[in-house]
>>> print(open('entry-v9.txt').read())   # compact mmCIF, C-alpha atoms
# COMPACT_ATOMS: atom_id res chain seq x y z
CA MET A 1 32.23 22.89 20.45
CA ARG A 2 35.28 20.65 20.08
CA ASP A 3 35.44 17.00 19.17
CA GLU A 4 38.08 14.28 19.20
CA VAL A 5 39.22 15.20 15.68
CA ASP A 6 39.99 18.74 16.90
CA ARG A 7 42.21 17.24 19.59
CA LEU A 8 43.93 14.93 17.11
CA LEU A 9 44.55 17.78 14.70
CA GLU A 10 45.97 19.91 17.49
CA ASP A 11 48.43 17.13 18.34
CA TRP A 12 49.41 16.65 14.70
CA ARG A 13 49.89 20.37 14.16
CA ARG A 14 52.23 20.42 17.12
CA GLU A 15 54.15 17.36 15.93
CA ARG A 16 54.02 17.97 12.16
CA PRO A 17 53.54 21.70 11.50
CA ASP A 18 54.93 21.10 8.00
CA LEU A 19 51.83 19.18 6.87
CA ASP A 20 48.51 20.47 5.56
CA LEU A 21 45.98 18.64 7.72
CA ALA A 22 42.87 19.98 5.96
CA PRO A 23 41.80 16.59 4.52
CA MET A 24 41.99 15.01 7.96
CA GLN A 25 39.53 17.47 9.48
CA VAL A 26 36.87 16.32 7.02
CA LEU A 27 37.62 12.67 6.39
CA SER A 28 38.44 11.71 9.97
CA ARG A 29 34.99 12.98 10.93
CA VAL A 30 33.40 11.06 8.06
CA SER A 31 35.22 7.94 9.23
CA ARG A 32 34.09 8.41 12.83
CA LEU A 33 30.53 9.02 11.69
CA GLY A 34 30.78 5.82 9.66
CA HIS A 35 31.63 3.89 12.81
CA HIS A 36 28.60 5.36 14.61
CA LEU A 37 26.38 4.55 11.64
CA ASP A 38 27.73 1.00 11.47
CA ARG A 39 26.85 0.48 15.14
CA ALA A 40 23.37 1.92 14.58
CA ARG A 41 22.84 -0.36 11.56
CA ARG A 42 23.95 -3.47 13.44
CA ALA A 43 21.68 -2.64 16.39
CA SER A 44 18.69 -1.93 14.11
CA PHE A 45 19.13 -5.13 12.19
CA ALA A 46 19.81 -7.25 15.29
CA ALA A 47 16.51 -6.04 16.73
CA HIS A 48 14.89 -7.72 13.71
CA GLY A 49 17.02 -10.85 13.79
CA ILE A 50 19.14 -10.10 10.73
CA GLU A 51 22.70 -9.10 9.91
CA SER A 52 23.83 -6.24 7.67
CA TRP A 53 24.44 -8.48 4.67
CA GLU A 54 20.96 -9.96 5.02
CA PHE A 55 19.44 -6.49 5.11
CA ASP A 56 21.37 -5.57 1.94
CA VAL A 57 19.91 -8.49 -0.01
CA LEU A 58 16.39 -8.11 1.40
CA ALA A 59 16.46 -4.34 0.79
CA ALA A 60 17.54 -4.82 -2.84
CA LEU A 61 14.56 -7.12 -3.38
CA ARG A 62 12.17 -4.77 -1.56
CA ARG A 63 13.32 -1.77 -3.61
CA ALA A 64 12.68 -3.73 -6.81
CA GLY A 65 8.96 -3.34 -6.21
CA THR A 66 6.25 -5.93 -6.53
CA PRO A 67 6.66 -8.89 -6.94
CA TYR A 68 9.94 -8.16 -5.07
CA GLU A 69 12.16 -10.39 -7.15
CA LEU A 70 15.50 -10.11 -8.92
CA SER A 71 17.87 -12.41 -10.73
CA PRO A 72 20.98 -13.47 -8.81
CA GLY A 73 23.03 -11.45 -11.31
CA ARG A 74 21.08 -8.30 -10.51
CA LEU A 75 21.45 -8.96 -6.78
CA ILE A 76 25.21 -9.24 -7.28
CA LYS A 77 25.24 -5.80 -8.94
CA GLU A 78 23.03 -4.31 -6.23
CA THR A 79 25.10 -5.63 -3.33
CA LEU A 80 28.61 -5.65 -4.87
CA VAL A 81 29.52 -9.22 -3.92
CA THR A 82 30.82 -12.19 -5.91
CA SER A 83 28.65 -14.85 -7.48
CA GLY A 84 29.76 -17.47 -4.94
CA THR A 85 29.03 -15.12 -2.05
CA MET A 86 25.56 -14.36 -3.41
CA THR A 87 24.76 -18.06 -3.86
CA ASN A 88 25.72 -18.66 -0.23
CA ARG A 89 23.68 -15.68 0.96
CA VAL A 90 20.58 -16.67 -0.98
CA ASP A 91 20.88 -20.26 0.33
CA ARG A 92 20.97 -18.96 3.90
CA LEU A 93 18.04 -16.61 3.34
CA VAL A 94 16.01 -19.42 1.74
CA THR A 95 16.70 -21.61 4.78
CA ARG A 96 15.43 -18.83 7.05
CA GLY A 97 12.27 -18.41 4.94
CA LEU A 98 13.05 -14.79 4.04
CA VAL A 99 13.39 -15.40 0.28
CA GLU A 100 12.50 -18.12 -2.18
CA ARG A 101 13.97 -19.27 -5.47
CA LEU A 102 11.64 -19.49 -8.46
CA PRO A 103 12.23 -20.52 -12.06
CA ASP A 104 12.78 -17.53 -14.36
CA PRO A 105 9.90 -17.61 -16.90
CA SER A 106 12.04 -15.79 -19.47
CA ASP A 107 15.07 -18.12 -19.10
CA ARG A 108 14.55 -21.86 -18.60
CA ARG A 109 17.98 -22.22 -16.98
CA GLY A 110 17.64 -19.12 -14.79
CA VAL A 111 16.15 -18.48 -11.40
CA LEU A 112 14.67 -15.49 -9.66
CA VAL A 113 15.02 -14.69 -5.99
CA ARG A 114 11.78 -13.43 -4.46
CA LEU A 115 11.14 -11.85 -1.08
CA THR A 116 8.68 -13.82 1.05
CA GLU A 117 6.05 -12.14 3.21
CA GLU A 118 8.24 -12.81 6.24
CA GLY A 119 11.21 -11.29 4.43
CA ARG A 120 9.19 -8.24 3.51
CA ALA A 121 7.99 -7.71 7.07
CA THR A 122 11.55 -8.17 8.35
CA VAL A 123 13.16 -5.69 5.97
CA ASP A 124 10.34 -3.15 6.43
CA GLY A 125 10.71 -3.29 10.21
CA ALA A 126 14.51 -3.10 10.07
CA LEU A 127 14.37 -0.12 7.71
CA ALA A 128 11.96 1.80 9.93
CA ASN A 129 14.17 1.10 12.95
CA LEU A 130 17.29 2.16 11.05
CA LEU A 131 15.70 5.43 9.96
CA ASP A 132 14.82 6.23 13.59
CA ARG A 133 18.43 5.65 14.60
CA GLU A 134 19.73 7.69 11.67
CA ARG A 135 17.45 10.58 12.67
CA GLU A 136 19.04 10.42 16.12
CA LEU A 137 22.51 10.63 14.55
CA LEU A 138 21.45 13.73 12.61
CA ALA A 139 19.54 15.40 15.45
CA GLY A 140 22.21 18.08 15.86
CA LEU A 141 21.52 19.45 12.37
CA ASP A 142 18.38 21.23 11.22
CA THR A 143 16.72 20.24 7.93
CA ARG A 144 18.55 22.87 5.90
CA ALA A 145 21.94 21.80 7.29
CA GLN A 146 21.13 18.14 6.58
CA GLU A 147 20.25 18.98 2.99
CA ARG A 148 23.45 21.00 2.57
CA LEU A 149 25.53 18.19 4.05
CA ALA A 150 23.83 15.62 1.81
CA SER A 151 24.64 17.75 -1.24
CA LEU A 152 28.28 18.16 -0.22
CA LEU A 153 28.67 14.45 0.45
CA ARG A 154 27.05 13.63 -2.91
CA ASP A 155 29.61 15.85 -4.63
CA LEU A 156 32.39 14.06 -2.76
CA VAL A 157 31.16 10.49 -3.34
CA ALA A 158 29.71 10.68 -6.87
CA PRO A 159 33.03 10.38 -8.74
CA PHE A 160 33.67 7.02 -7.03
CA GLU A 161 30.24 5.52 -7.76
CA PRO A 162 29.51 3.37 -10.82
CA GLU A 163 27.04 4.78 -13.32
CA ARG A 164 23.62 3.11 -13.41
>>> encode(input="entry-v9.txt", output="structure tokens")
Amino acid sequence: MRDEVDRLLEDWRRERPDLDLAPMQVLSRVSRLGHHLDRARRASFAAHGIESWEFDVLAALRRAGTPYELSPGRLIKETLVTSGTMTNRVDRLVTRGLVERLPDPSDRRGVLVRLTEEGRATVDGALANLLDRERELLAGLDTRAQERLASLLRDLVAPFEPER
């Protein structure tokens, strides 16, 4: 079976036989897969009336466990955005009724962001839909191949990830 990357590599080998194209055969496929995944994510989230950034915030709160709340600072760390961006995002999610702001009982000046019931239902539905679409993307690989690929990708990505 050949794919578009095979064709691109063939062209590059013809035009630049002096170059080692080995990285391209892996990372061009990862990049293309990323585009397919991005489309699947957008479609999954749109079906639940949210955008990717909204899912990221709602998912961080949902993963926190009951009572599904985090400080804005923790949300910033979880979603890798600036303080100003997070303030804007929380404001928009509050307006939509997906989260609420509550006083932080351990810090009189602080607030906590809590997932509402509507927010929980939204993120749960979007996650289930996303997982269905991701299964479709991986349908060409059996369970063992998926586990092997996950391990290889972990080895590749881990050095770039911050320690928790």
>>> atom_distance(input="entry-v9.txt", atom1="CA of Val5 in chain A", atom2="CA of Asp20 in chain A")
14.7 Å
>>> atom_distance(input="entry-v9.txt", atom1="CA of Gly49 in chain A", atom2="CA of Leu75 in chain A")
21.1 Å
>>> closest_residue(input="entry-v9.txt", among="A:Asp124, A:Ala59, A:Trp53, A:Thr66", to="Arg92 in chain A", atoms="all atoms listed in the file")
A:Trp53
>>> residues_around(input="entry-v9.txt", residues="Glu78 in chain A", least_positions_apart="3", cutoff="9 Å", atoms="all atoms listed in the file", output="ChimeraX atom specification")
/A:56-57,60,73-75,81
>>> atom_distance(input="entry-v9.txt", atom1="CA of Asp3 in chain A", atom2="CA of Glu147 in chain A")
22.3 Å
>>> closest_residue(input="entry-v9.txt", among="A:Gly119, A:Leu80, A:Ala40, A:Ser28", to="Glu161 in chain A", atoms="only C-alpha atoms")
A:Leu80
>>> closest_residue(input="entry-v9.txt", among="A:Asp132, A:Arg62, A:Leu102, A:Val90", to="Ile76 in chain A", atoms="only C-alpha atoms")
A:Val90
>>> closest_residue(input="entry-v9.txt", among="A:Arg101, A:His48, A:Arg135, A:Arg29", to="Thr122 in chain A", atoms="all atoms listed in the file")
A:His48
>>> build_atoms(input="entry-v9.txt", residues="range 49-84 of chain A", atoms="N, CA and C atoms", output="short mmCIF file (atom, residue, chain, number, x, y, z; two decimals), in the coordinates of the input")
data_model
loop_
_atom_site.label_atom_id
_atom_site.label_comp_id
_atom_site.auth_asym_id
_atom_site.auth_seq_id
_atom_site.Cartn_x
_atom_site.Cartn_y
_atom_site.Cartn_z
N GLY A 49 16.48 -9.50 14.00
CA GLY A 49 17.02 -10.85 13.79
C GLY A 49 17.81 -11.05 12.52
N ILE A 50 18.35 -9.97 11.96
CA ILE A 50 19.14 -10.10 10.73
C ILE A 50 20.49 -9.41 10.88
N GLU A 51 21.39 -9.74 9.98
CA GLU A 51 22.70 -9.10 9.91
C GLU A 51 22.71 -8.10 8.76
N SER A 52 23.75 -7.28 8.70
CA SER A 52 23.83 -6.24 7.67
C SER A 52 23.75 -6.81 6.26
N TRP A 53 24.46 -7.91 6.01
CA TRP A 53 24.44 -8.48 4.67
C TRP A 53 23.04 -8.98 4.31
N GLU A 54 22.31 -9.50 5.30
CA GLU A 54 20.96 -9.96 5.02
C GLU A 54 20.05 -8.77 4.67
N PHE A 55 20.21 -7.69 5.42
CA PHE A 55 19.44 -6.49 5.11
C PHE A 55 19.73 -6.03 3.69
N ASP A 56 21.00 -6.04 3.28
CA ASP A 56 21.37 -5.57 1.94
C ASP A 56 20.64 -6.35 0.85
N VAL A 57 20.59 -7.66 0.99
CA VAL A 57 19.91 -8.49 -0.01
C VAL A 57 18.40 -8.27 0.04
N LEU A 58 17.84 -8.30 1.25
CA LEU A 58 16.39 -8.11 1.40
C LEU A 58 15.97 -6.73 0.91
N ALA A 59 16.78 -5.71 1.21
CA ALA A 59 16.46 -4.34 0.79
C ALA A 59 16.51 -4.21 -0.73
N ALA A 60 17.47 -4.87 -1.37
CA ALA A 60 17.54 -4.82 -2.84
C ALA A 60 16.27 -5.40 -3.44
N LEU A 61 15.80 -6.51 -2.88
CA LEU A 61 14.56 -7.12 -3.38
C LEU A 61 13.36 -6.23 -3.10
N ARG A 62 13.31 -5.63 -1.93
CA ARG A 62 12.17 -4.77 -1.56
C ARG A 62 12.11 -3.55 -2.46
N ARG A 63 13.28 -2.96 -2.75
CA ARG A 63 13.32 -1.77 -3.61
C ARG A 63 12.93 -2.08 -5.05
N ALA A 64 13.02 -3.35 -5.44
CA ALA A 64 12.68 -3.73 -6.81
C ALA A 64 11.19 -3.56 -7.09
N GLY A 65 10.40 -3.47 -6.03
CA GLY A 65 8.96 -3.34 -6.21
C GLY A 65 8.31 -4.68 -6.47
N THR A 66 6.99 -4.68 -6.39
CA THR A 66 6.25 -5.93 -6.53
C THR A 66 6.57 -6.58 -7.87
N PRO A 67 6.82 -7.83 -7.95
CA PRO A 67 6.66 -8.89 -6.94
C PRO A 67 7.92 -9.11 -6.08
N TYR A 68 8.77 -8.11 -5.95
CA TYR A 68 9.94 -8.16 -5.07
C TYR A 68 10.87 -9.31 -5.43
N GLU A 69 11.27 -9.33 -6.70
CA GLU A 69 12.16 -10.39 -7.15
C GLU A 69 13.21 -9.83 -8.10
N LEU A 70 14.39 -10.47 -8.06
CA LEU A 70 15.50 -10.11 -8.92
C LEU A 70 16.26 -11.37 -9.29
N SER A 71 16.98 -11.30 -10.39
CA SER A 71 17.87 -12.41 -10.73
C SER A 71 19.08 -12.37 -9.81
N PRO A 72 19.74 -13.49 -9.61
CA PRO A 72 20.98 -13.47 -8.81
C PRO A 72 22.01 -12.49 -9.38
N GLY A 73 22.09 -12.39 -10.69
CA GLY A 73 23.03 -11.45 -11.31
C GLY A 73 22.73 -10.00 -10.93
N ARG A 74 21.47 -9.66 -10.91
CA ARG A 74 21.08 -8.30 -10.51
C ARG A 74 21.37 -8.06 -9.03
N LEU A 75 21.13 -9.08 -8.20
CA LEU A 75 21.45 -8.96 -6.78
C LEU A 75 22.95 -8.75 -6.56
N ILE A 76 23.75 -9.41 -7.36
CA ILE A 76 25.21 -9.24 -7.28
C ILE A 76 25.57 -7.79 -7.57
N LYS A 77 24.96 -7.21 -8.60
CA LYS A 77 25.24 -5.80 -8.94
C LYS A 77 24.75 -4.86 -7.86
N GLU A 78 23.61 -5.17 -7.26
CA GLU A 78 23.03 -4.31 -6.23
C GLU A 78 23.83 -4.33 -4.93
N THR A 79 24.44 -5.48 -4.63
CA THR A 79 25.10 -5.63 -3.33
C THR A 79 26.62 -5.69 -3.43
N LEU A 80 27.15 -5.69 -4.64
CA LEU A 80 28.61 -5.65 -4.87
C LEU A 80 29.35 -6.81 -4.22
N VAL A 81 28.83 -8.03 -4.40
CA VAL A 81 29.52 -9.22 -3.92
C VAL A 81 29.75 -10.17 -5.09
N THR A 82 30.53 -11.22 -4.86
CA THR A 82 30.82 -12.19 -5.91
C THR A 82 29.65 -13.15 -6.09
N SER A 83 29.68 -13.87 -7.18
CA SER A 83 28.65 -14.85 -7.48
C SER A 83 28.58 -15.94 -6.40
N GLY A 84 29.73 -16.45 -5.98
CA GLY A 84 29.76 -17.47 -4.94
C GLY A 84 29.20 -16.96 -3.63
#
